[in-house]
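Okay, so here's the structure we're looking at.
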Amino acid sequence: MALYLADHPGQPLSPGEITKALDVPSSGAVFEALKRMAAAGYATHQSNPHRFTVTQAGIDAAGALPPPTPRPAGSSTARHGRRQPVTRPNGDPYFPRKLAGSTDVDVLQRLRDKRIPVLLYGPPGTGKTAVAEAAFPDLLTVAGTGDTIVEDFVGNFIPLPDGGYEYVYGPLVTAMREGRALLIDDATLIPPKVLAVLYPAMDGRRVITLTGYRNERVEAADGFYILAGHNPGVHGAILTEALASRFDVHIEVTTDFDLARHLGVPAAAVQAAIRLNADLDAGKLTWAPQLRELLGFTRVRKALGHKAAVANLAGRAPEDDRTEVISALAAHFGTDIVPLRVGPQR
């Protein structure tokens with residue numbers, strides 16, 4: 001209840017409205033809890049009709065609370081199709097999203113079964129890496145940069161403590177031999193000449209030759225699969241025709257704002273992000289908060305309180321976009337916003 005009020009700062013809410021929004025059976029119990037919050041200074045209470053508005057103390061207290069626990073199966077929320085999470089290798093939950101009449105996790109798994117390479121594209125922080133990890137527990141990853149070289153894929157000689165050198169196979173060779181999935185993250189930052197090492201492994205041959213190590217021939221085992229991630233708005237990211245044509249399926253990955261709400265992101269933050277993403281799509285901005293930033297907002301809110309979390313979100317915007325981002329956040333949070341800064345004491 002405290003979290004719900006904090007998500008609607010400055011908005012007087014009736015006990016009935018809160019009862020309906022939280023889908024709880026007793027408005028009387030809600031009313032009593034609201035009165036206790038008002039008595040503690042976490043909300044103001046207006047009579048005739050009864051309305052409750054969160055105070056700054058209530059917002060700060062709510063920021064220290066954990067997000068709501070998902071309801072068990074059989075509850076009204078579960079009956080309306082709340083998604084069940086898939087555990088990623090790092091232990092974090094991933095909530096599958098709708099795609100092609102199924103879920104993104106299921107679609108990726110079916111594409112792998114049919115050996116159909118997929119390119120995931122969208123702004124940073126929308127969940128491209130997360131969905132790949134959720135779909136493929138055996139995933140290996142190459143993080144692409146402008147400095148990535150062929151040896152980062154196939155392997156190289158490394159010095160031994162007692163002298164001499166040993167050839168250590170790279171993730172491409174390991175994935176081929178063990179029949180694992182390989183994600184090329186930020187693939188379009190990698191020089192095209194380097195990416196060419198992948199092409200023989202992706203076509204009908206499914207074979208590469210290690211010219212730097214005895215001309216060893218590496219054949220792909222069953223299960224070997226390549227997918228890639230592309231951030232179109234990132235400086236230096238170039239999707240060449242040669243690369244694009246190697247991936248038969250291109251899937252745009254955007255922020256799921258309904259999922260953000262489900263994971264406890266305050267409504268004001270979600271609405272501000274929706275507005276900013278509309279400006280991003282229209283070419284008015286180069287940055288807008290995605291799921292990664294929204295989840296970070298909830299963590300900072302829990303650790304430092306509501307005001308600091310809003311200020312931190314504003315500070316994450318690039319300088320060129322910061323004025324517009326602050327304006328959008330202020331419109332939805334209803335407060336003056338200054339990015340976090342260490343400076344003279346006031």
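Following the order of the structure tokens, first chain is A, next is B, and so on, with residues numbered from 1 inside each chain and ligands from 1 in the order they appear.
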Q: Mind checking which residues fall within 12 Å of A:Phe224, counting only C-alpha atoms, ignoring those fewer than 3 positions away in the same chain, and posting them as a PyMOL selection string?
A: chain A and resi 111-117+136+138-140+171-183+201-203+206-207+219-221+227
Go ahead and save the residues from that selection, with N, CA, C and O atoms, as a short mmCIF file (atom, residue, chain, number, x, y, z; two decimals), in the first residue's frame.
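Output saved as result_8.cif:
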```cif
data_model
loop_
_atom_site.label_atom_id
_atom_site.label_comp_id
_atom_site.auth_asym_id
_atom_site.auth_seq_id
_atom_site.Cartn_x
_atom_site.Cartn_y
_atom_site.Cartn_z
N LEU A 111 14.20 -21.35 -32.96
CA LEU A 111 15.12 -20.94 -34.03
C LEU A 111 16.44 -21.71 -33.94
O LEU A 111 17.01 -22.09 -34.96
N ARG A 112 16.88 -21.94 -32.72
CA ARG A 112 18.10 -22.73 -32.56
C ARG A 112 17.90 -24.16 -33.05
O ARG A 112 18.79 -24.71 -33.73
N ASP A 113 16.77 -24.74 -32.75
CA ASP A 113 16.50 -26.11 -33.21
C ASP A 113 16.56 -26.21 -34.73
O ASP A 113 16.98 -27.24 -35.28
N LYS A 114 16.16 -25.13 -35.42
CA LYS A 114 16.13 -25.12 -36.89
C LYS A 114 17.39 -24.49 -37.49
O LYS A 114 17.46 -24.31 -38.70
N ARG A 115 18.36 -24.17 -36.65
CA ARG A 115 19.62 -23.56 -37.08
C ARG A 115 19.38 -22.26 -37.86
O ARG A 115 20.01 -22.01 -38.89
N ILE A 116 18.49 -21.43 -37.36
CA ILE A 116 18.18 -20.15 -38.00
C ILE A 116 18.80 -19.04 -37.15
O ILE A 116 18.30 -18.75 -36.07
N PRO A 117 19.86 -18.40 -37.63
CA PRO A 117 20.51 -17.35 -36.84
C PRO A 117 19.59 -16.14 -36.66
O PRO A 117 18.82 -15.78 -37.54
N PHE A 136 19.17 -19.80 -23.39
CA PHE A 136 20.25 -20.76 -23.60
C PHE A 136 21.17 -20.82 -22.37
O PHE A 136 22.12 -20.04 -22.25
N ASP A 138 23.49 -22.72 -21.80
CA ASP A 138 24.86 -23.08 -22.18
C ASP A 138 25.57 -21.96 -22.94
O ASP A 138 26.61 -22.17 -23.56
N LEU A 139 25.02 -20.75 -22.88
CA LEU A 139 25.50 -19.65 -23.71
C LEU A 139 26.93 -19.23 -23.39
O LEU A 139 27.31 -19.10 -22.23
N LEU A 140 27.70 -18.99 -24.44
CA LEU A 140 28.99 -18.31 -24.36
C LEU A 140 28.81 -16.94 -25.01
O LEU A 140 27.99 -16.78 -25.91
N PRO A 171 36.13 -18.80 -27.66
CA PRO A 171 34.72 -19.17 -27.46
C PRO A 171 34.05 -19.71 -28.71
O PRO A 171 33.16 -20.56 -28.59
N LEU A 172 34.44 -19.26 -29.89
CA LEU A 172 33.84 -19.80 -31.11
C LEU A 172 34.19 -21.28 -31.26
O LEU A 172 33.32 -22.11 -31.55
N VAL A 173 35.45 -21.62 -31.05
CA VAL A 173 35.87 -23.02 -31.17
C VAL A 173 35.20 -23.87 -30.10
O VAL A 173 34.70 -24.98 -30.38
N THR A 174 35.14 -23.36 -28.89
CA THR A 174 34.51 -24.11 -27.79
C THR A 174 33.04 -24.36 -28.08
O THR A 174 32.53 -25.47 -27.89
N ALA A 175 32.34 -23.31 -28.53
CA ALA A 175 30.91 -23.45 -28.83
C ALA A 175 30.69 -24.45 -29.96
O ALA A 175 29.74 -25.27 -29.90
N MET A 176 31.53 -24.44 -30.98
CA MET A 176 31.37 -25.37 -32.10
C MET A 176 31.60 -26.81 -31.65
O MET A 176 30.82 -27.70 -31.98
N ARG A 177 32.64 -27.05 -30.89
CA ARG A 177 32.98 -28.41 -30.50
C ARG A 177 32.01 -28.98 -29.47
O ARG A 177 31.74 -30.18 -29.46
N GLU A 178 31.50 -28.12 -28.59
CA GLU A 178 30.61 -28.59 -27.54
C GLU A 178 29.14 -28.43 -27.88
O GLU A 178 28.28 -28.77 -27.06
N GLY A 179 28.84 -27.91 -29.06
CA GLY A 179 27.45 -27.75 -29.46
C GLY A 179 26.71 -26.73 -28.62
O GLY A 179 25.55 -26.93 -28.25
N ARG A 180 27.37 -25.60 -28.32
CA ARG A 180 26.78 -24.57 -27.47
C ARG A 180 26.33 -23.36 -28.28
O ARG A 180 26.71 -23.20 -29.44
N ALA A 181 25.54 -22.51 -27.64
CA ALA A 181 25.10 -21.26 -28.26
C ALA A 181 26.17 -20.19 -28.01
O ALA A 181 26.80 -20.16 -26.95
N LEU A 182 26.35 -19.30 -28.99
CA LEU A 182 27.34 -18.24 -28.90
C LEU A 182 26.68 -16.91 -29.25
O LEU A 182 26.14 -16.74 -30.34
N LEU A 183 26.71 -15.98 -28.30
CA LEU A 183 26.16 -14.64 -28.51
C LEU A 183 27.30 -13.68 -28.84
O LEU A 183 28.26 -13.57 -28.09
N ALA A 201 31.28 -20.80 -40.23
CA ALA A 201 30.62 -21.58 -39.17
C ALA A 201 29.11 -21.43 -39.24
O ALA A 201 28.37 -22.29 -38.74
N MET A 202 28.62 -20.36 -39.89
CA MET A 202 27.19 -20.09 -39.92
C MET A 202 26.50 -20.66 -41.14
O MET A 202 25.29 -20.87 -41.12
N ASP A 203 27.24 -20.91 -42.21
CA ASP A 203 26.59 -21.40 -43.42
C ASP A 203 26.54 -22.93 -43.43
O ASP A 203 26.77 -23.58 -42.41
N ARG A 206 29.54 -25.14 -41.79
CA ARG A 206 29.67 -25.27 -40.34
C ARG A 206 31.06 -25.78 -39.94
O ARG A 206 31.22 -26.61 -39.05
N VAL A 207 32.06 -25.23 -40.62
CA VAL A 207 33.46 -25.61 -40.39
C VAL A 207 34.32 -24.36 -40.46
O VAL A 207 34.07 -23.47 -41.27
N GLU A 219 34.87 -28.63 -36.70
CA GLU A 219 33.52 -28.85 -37.20
C GLU A 219 32.52 -28.60 -36.08
O GLU A 219 32.77 -28.91 -34.92
N ALA A 220 31.37 -28.06 -36.46
CA ALA A 220 30.34 -27.72 -35.48
C ALA A 220 29.56 -28.96 -35.08
O ALA A 220 29.06 -29.71 -35.93
N ALA A 221 29.44 -29.19 -33.78
CA ALA A 221 28.62 -30.29 -33.27
C ALA A 221 27.15 -29.86 -33.27
O ALA A 221 26.81 -28.67 -33.37
N LEU A 227 23.97 -16.27 -32.38
CA LEU A 227 23.05 -15.14 -32.45
C LEU A 227 23.85 -13.89 -32.11
O LEU A 227 24.96 -13.98 -31.55
#
```
Q: List every residue of stretch 214-323 of chain A that DSSP, applied to the backbone of this structure, places in helix (DSSP H, G or I), and write the result as a PyMOL selection string.
A: chain A and resi 241-244+257-262+267-281+291-304+306-315+319-323
**Q.** Of the listed residues A:Lys98, A:Arg299, A:Ala268, A:Gly229, that which approaches A:Leu329 most closely, counting only C-alpha atoms
**A.** A:Ala268
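As for atom CA of A:Thr126 and atom CA of A:Val253, they are spaced 6.2 Å apart.
For the set A:Val54, A:Val338, A:Leu210, A:Ile158, the residue with the smallest atom-to-atom gap to A:Gly315 is A:Val338, counting only C-alpha atoms.
Minimum distance to A:Asp7 across A:Pro232, A:Gly155, A:Gly334, A:Gly163 (counting only C-alpha atoms) occurs at A:Gly334.
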Q. Of the candidates A:Ala237, A:Leu291, A:Val325, A:Ala244, which shows the shortest atom-to-atom distance to A:Arg275, using only C-alpha atoms?
A. A:Val325
Q: Write out as an MDAnalysis selection string the residues lying within 8 Å of stretch 14-16 of chain A, counting only C-alpha atoms and excluding same-chain residues fewer than 5 positions away.
A: chainID A and resid 27 30:31 34 49:52
Restricted to N, CA, C and O atoms, what would the selected residues look like written as an mmCIF file, in the first residue's frame?
```
data_model
loop_
_atom_site.group_PDB
_atom_site.id
_atom_site.type_symbol
_atom_site.label_atom_id
_atom_site.label_comp_id
_atom_site.auth_asym_id
_atom_site.auth_seq_id
_atom_site.Cartn_x
_atom_site.Cartn_y
_atom_site.Cartn_z
ATOM 1 N N SER A 27 -11.957 -3.333 1.698
ATOM 2 C CA SER A 27 -11.675 -1.902 1.684
ATOM 3 C C SER A 27 -11.590 -1.356 3.106
ATOM 4 O O SER A 27 -10.898 -0.367 3.369
ATOM 5 N N VAL A 30 -8.084 -1.741 4.265
ATOM 6 C CA VAL A 30 -7.273 -0.739 3.582
ATOM 7 C C VAL A 30 -7.445 0.622 4.262
ATOM 8 O O VAL A 30 -6.475 1.356 4.507
ATOM 9 N N PHE A 31 -8.701 0.982 4.564
ATOM 10 C CA PHE A 31 -8.982 2.266 5.193
ATOM 11 C C PHE A 31 -8.269 2.383 6.547
ATOM 12 O O PHE A 31 -7.672 3.415 6.873
ATOM 13 N N LEU A 34 -4.588 2.911 6.002
ATOM 14 C CA LEU A 34 -4.321 4.271 5.542
ATOM 15 C C LEU A 34 -4.366 5.264 6.699
ATOM 16 O O LEU A 34 -3.541 6.191 6.768
ATOM 17 N N PRO A 49 -15.063 13.788 0.936
ATOM 18 C CA PRO A 49 -14.841 12.346 1.049
ATOM 19 C C PRO A 49 -13.408 12.046 1.494
ATOM 20 O O PRO A 49 -12.530 12.896 1.397
ATOM 21 N N HIS A 50 -13.195 10.806 1.956
ATOM 22 C CA HIS A 50 -11.883 10.407 2.440
ATOM 23 C C HIS A 50 -10.897 10.277 1.278
ATOM 24 O O HIS A 50 -11.153 9.545 0.319
ATOM 25 N N ARG A 51 -9.792 10.986 1.384
ATOM 26 C CA ARG A 51 -8.725 10.915 0.391
ATOM 27 C C ARG A 51 -7.391 10.920 1.131
ATOM 28 O O ARG A 51 -7.213 11.646 2.116
ATOM 29 N N PHE A 52 -6.449 10.131 0.620
ATOM 30 C CA PHE A 52 -5.128 10.041 1.244
ATOM 31 C C PHE A 52 -4.067 10.390 0.200
ATOM 32 O O PHE A 52 -4.106 9.891 -0.931
#
```
(Q) Neighbouring residues of A:Thr209 were defined as those with any atom within 10 Å, considering only C-alpha atoms; residues of the same chain fewer than 3 positions away were excluded. Please report them as a list in words. (A) Val154, Val173, Val197, Pro200, Ala201, Gly212, Tyr213, Arg214, Asn215, Glu216, Arg217, Val218 and Glu219 of chain A
Write out the residues from the selection above, keeping all heavy atoms, as a compact mmCIF listing (two decimals), in the first residue's frame.
```
# COMPACT_ATOMS: atom_id res chain seq x y z
N VAL A 154 38.72 -17.26 -32.02
CA VAL A 154 39.26 -18.60 -32.28
C VAL A 154 40.30 -19.04 -31.26
O VAL A 154 40.54 -20.24 -31.10
CB VAL A 154 39.85 -18.69 -33.70
CG1 VAL A 154 38.78 -18.42 -34.74
CG2 VAL A 154 41.03 -17.73 -33.87
N VAL A 173 35.45 -21.62 -31.05
CA VAL A 173 35.87 -23.02 -31.17
C VAL A 173 35.20 -23.87 -30.10
O VAL A 173 34.70 -24.98 -30.38
CB VAL A 173 37.40 -23.12 -31.06
CG1 VAL A 173 37.84 -24.59 -31.07
CG2 VAL A 173 38.07 -22.36 -32.19
N VAL A 197 35.27 -14.23 -39.74
CA VAL A 197 35.67 -15.53 -39.21
C VAL A 197 34.44 -16.38 -38.87
O VAL A 197 34.51 -17.62 -38.84
CB VAL A 197 36.57 -15.35 -37.97
CG1 VAL A 197 35.78 -14.84 -36.77
CG2 VAL A 197 37.28 -16.65 -37.62
N PRO A 200 31.95 -18.96 -42.20
CA PRO A 200 31.99 -20.40 -42.53
C PRO A 200 31.30 -21.27 -41.48
O PRO A 200 30.76 -22.34 -41.82
CB PRO A 200 33.49 -20.72 -42.60
CG PRO A 200 34.16 -19.41 -42.81
CD PRO A 200 33.32 -18.40 -42.09
N ALA A 201 31.28 -20.80 -40.23
CA ALA A 201 30.62 -21.58 -39.17
C ALA A 201 29.11 -21.43 -39.24
O ALA A 201 28.37 -22.29 -38.74
CB ALA A 201 31.11 -21.12 -37.80
N GLY A 212 46.05 -20.05 -37.71
CA GLY A 212 47.13 -19.69 -36.79
C GLY A 212 47.58 -20.83 -35.91
O GLY A 212 48.50 -20.66 -35.10
N TYR A 213 46.95 -22.01 -36.06
CA TYR A 213 47.32 -23.14 -35.21
C TYR A 213 47.17 -24.44 -36.00
O TYR A 213 46.15 -25.11 -36.01
CB TYR A 213 46.43 -23.20 -33.97
CG TYR A 213 46.81 -24.27 -32.97
CD1 TYR A 213 48.07 -24.27 -32.39
CD2 TYR A 213 45.91 -25.27 -32.62
CE1 TYR A 213 48.43 -25.25 -31.48
CE2 TYR A 213 46.25 -26.25 -31.70
CZ TYR A 213 47.52 -26.24 -31.13
OH TYR A 213 47.87 -27.22 -30.23
N ARG A 214 48.23 -24.78 -36.75
CA ARG A 214 48.36 -26.06 -37.45
C ARG A 214 47.29 -26.26 -38.52
O ARG A 214 47.03 -27.40 -38.93
CB ARG A 214 48.29 -27.22 -36.46
CG ARG A 214 49.31 -27.16 -35.34
CD ARG A 214 49.05 -28.27 -34.34
NE ARG A 214 50.01 -28.23 -33.24
CZ ARG A 214 49.94 -29.00 -32.15
NH1 ARG A 214 48.93 -29.87 -32.02
NH2 ARG A 214 50.85 -28.91 -31.20
N ASN A 215 46.62 -25.19 -38.94
CA ASN A 215 45.51 -25.32 -39.90
C ASN A 215 44.48 -26.34 -39.43
O ASN A 215 43.89 -27.08 -40.24
CB ASN A 215 46.02 -25.71 -41.29
CG ASN A 215 46.62 -24.52 -42.01
OD1 ASN A 215 46.14 -23.40 -41.88
ND2 ASN A 215 47.68 -24.77 -42.79
N GLU A 216 44.29 -26.38 -38.13
CA GLU A 216 43.36 -27.34 -37.53
C GLU A 216 41.93 -27.08 -38.01
O GLU A 216 41.47 -25.94 -38.06
CB GLU A 216 43.42 -27.25 -36.01
CG GLU A 216 42.58 -28.29 -35.29
CD GLU A 216 42.79 -28.25 -33.78
OE1 GLU A 216 43.89 -27.87 -33.35
OE2 GLU A 216 41.85 -28.59 -33.06
N ARG A 217 41.23 -28.13 -38.34
CA ARG A 217 39.87 -28.05 -38.82
C ARG A 217 38.90 -28.25 -37.65
O ARG A 217 39.04 -29.21 -36.88
CB ARG A 217 39.64 -29.13 -39.90
CG ARG A 217 38.22 -29.22 -40.46
CD ARG A 217 38.16 -30.40 -41.42
NE ARG A 217 36.80 -30.70 -41.82
CZ ARG A 217 36.20 -30.19 -42.91
NH1 ARG A 217 36.88 -29.35 -43.68
NH2 ARG A 217 34.97 -30.52 -43.23
N VAL A 218 37.93 -27.35 -37.52
CA VAL A 218 36.96 -27.42 -36.43
C VAL A 218 35.57 -27.55 -37.03
O VAL A 218 35.13 -26.68 -37.80
CB VAL A 218 37.02 -26.17 -35.53
CG1 VAL A 218 36.00 -26.27 -34.40
CG2 VAL A 218 38.43 -25.98 -34.97
N GLU A 219 34.87 -28.63 -36.70
CA GLU A 219 33.52 -28.85 -37.20
C GLU A 219 32.52 -28.60 -36.08
O GLU A 219 32.77 -28.91 -34.92
CB GLU A 219 33.38 -30.28 -37.72
CG GLU A 219 34.29 -30.61 -38.89
CD GLU A 219 34.04 -32.01 -39.45
OE1 GLU A 219 33.03 -32.64 -39.03
OE2 GLU A 219 34.84 -32.46 -40.27
```
(Q) With only C-alpha atoms as the counted atoms, please give the residues lying no more than 12 Å from A:Asp92, apart from itself and same-chain residues fewer than 2 positions off, as number ranges by chain. (A) A: 85-90, 94-95, 130-131, 133-134
Residues just named, written with N, CA and C atoms as a PDB file, in the first residue's frame:
```pdb
ATOM      1  N   PRO A  85       8.947 -16.448 -14.182  1.00  0.00           N
ATOM      2  CA  PRO A  85      10.315 -16.126 -14.579  1.00  0.00           C
ATOM      3  C   PRO A  85      11.139 -17.358 -14.943  1.00  0.00           C
ATOM      4  N   VAL A  86      12.165 -17.112 -15.757  1.00  0.00           N
ATOM      5  CA  VAL A  86      13.189 -18.101 -16.084  1.00  0.00           C
ATOM      6  C   VAL A  86      14.472 -17.621 -15.421  1.00  0.00           C
ATOM      7  N   THR A  87      15.191 -18.509 -14.766  1.00  0.00           N
ATOM      8  CA  THR A  87      16.404 -18.120 -14.054  1.00  0.00           C
ATOM      9  C   THR A  87      17.582 -18.068 -15.012  1.00  0.00           C
ATOM     10  N   ARG A  88      18.253 -16.922 -15.032  1.00  0.00           N
ATOM     11  CA  ARG A  88      19.458 -16.754 -15.848  1.00  0.00           C
ATOM     12  C   ARG A  88      20.658 -17.378 -15.137  1.00  0.00           C
ATOM     13  N   PRO A  89      21.768 -17.599 -15.847  1.00  0.00           N
ATOM     14  CA  PRO A  89      22.940 -18.222 -15.219  1.00  0.00           C
ATOM     15  C   PRO A  89      23.457 -17.472 -13.998  1.00  0.00           C
ATOM     16  N   ASN A  90      23.269 -16.144 -13.953  1.00  0.00           N
ATOM     17  CA  ASN A  90      23.738 -15.384 -12.791  1.00  0.00           C
ATOM     18  C   ASN A  90      22.758 -15.417 -11.624  1.00  0.00           C
ATOM     19  N   TYR A  94      14.358 -13.837 -15.276  1.00  0.00           N
ATOM     20  CA  TYR A  94      13.971 -13.183 -16.531  1.00  0.00           C
ATOM     21  C   TYR A  94      12.516 -13.532 -16.813  1.00  0.00           C
ATOM     22  N   PHE A  95      11.706 -12.518 -17.084  1.00  0.00           N
ATOM     23  CA  PHE A  95      10.294 -12.729 -17.361  1.00  0.00           C
ATOM     24  C   PHE A  95      10.075 -12.734 -18.867  1.00  0.00           C
ATOM     25  N   ALA A 130      19.895 -10.477 -21.802  1.00  0.00           N
ATOM     26  CA  ALA A 130      19.133 -11.212 -20.791  1.00  0.00           C
ATOM     27  C   ALA A 130      18.287 -12.305 -21.420  1.00  0.00           C
ATOM     28  N   VAL A 131      17.600 -12.015 -22.533  1.00  0.00           N
ATOM     29  CA  VAL A 131      16.754 -13.035 -23.148  1.00  0.00           C
ATOM     30  C   VAL A 131      17.604 -14.161 -23.728  1.00  0.00           C
ATOM     31  N   GLU A 133      20.474 -15.225 -22.510  1.00  0.00           N
ATOM     32  CA  GLU A 133      20.899 -16.042 -21.367  1.00  0.00           C
ATOM     33  C   GLU A 133      19.751 -16.881 -20.824  1.00  0.00           C
ATOM     34  N   ALA A 134      18.536 -16.315 -20.846  1.00  0.00           N
ATOM     35  CA  ALA A 134      17.378 -17.071 -20.359  1.00  0.00           C
ATOM     36  C   ALA A 134      17.046 -18.231 -21.290  1.00  0.00           C
TER      37      ALA A 134
END
```
(Q) Ranking A:Gly305, A:Pro161, A:Pro137, A:Gly343 by minimum distance to A:Ala57 and counting only C-alpha atoms, which one comes first? (A) A:Gly305
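One finds atom CA of A:Leu5 at 10.8 Å from atom CA of A:Ala21.
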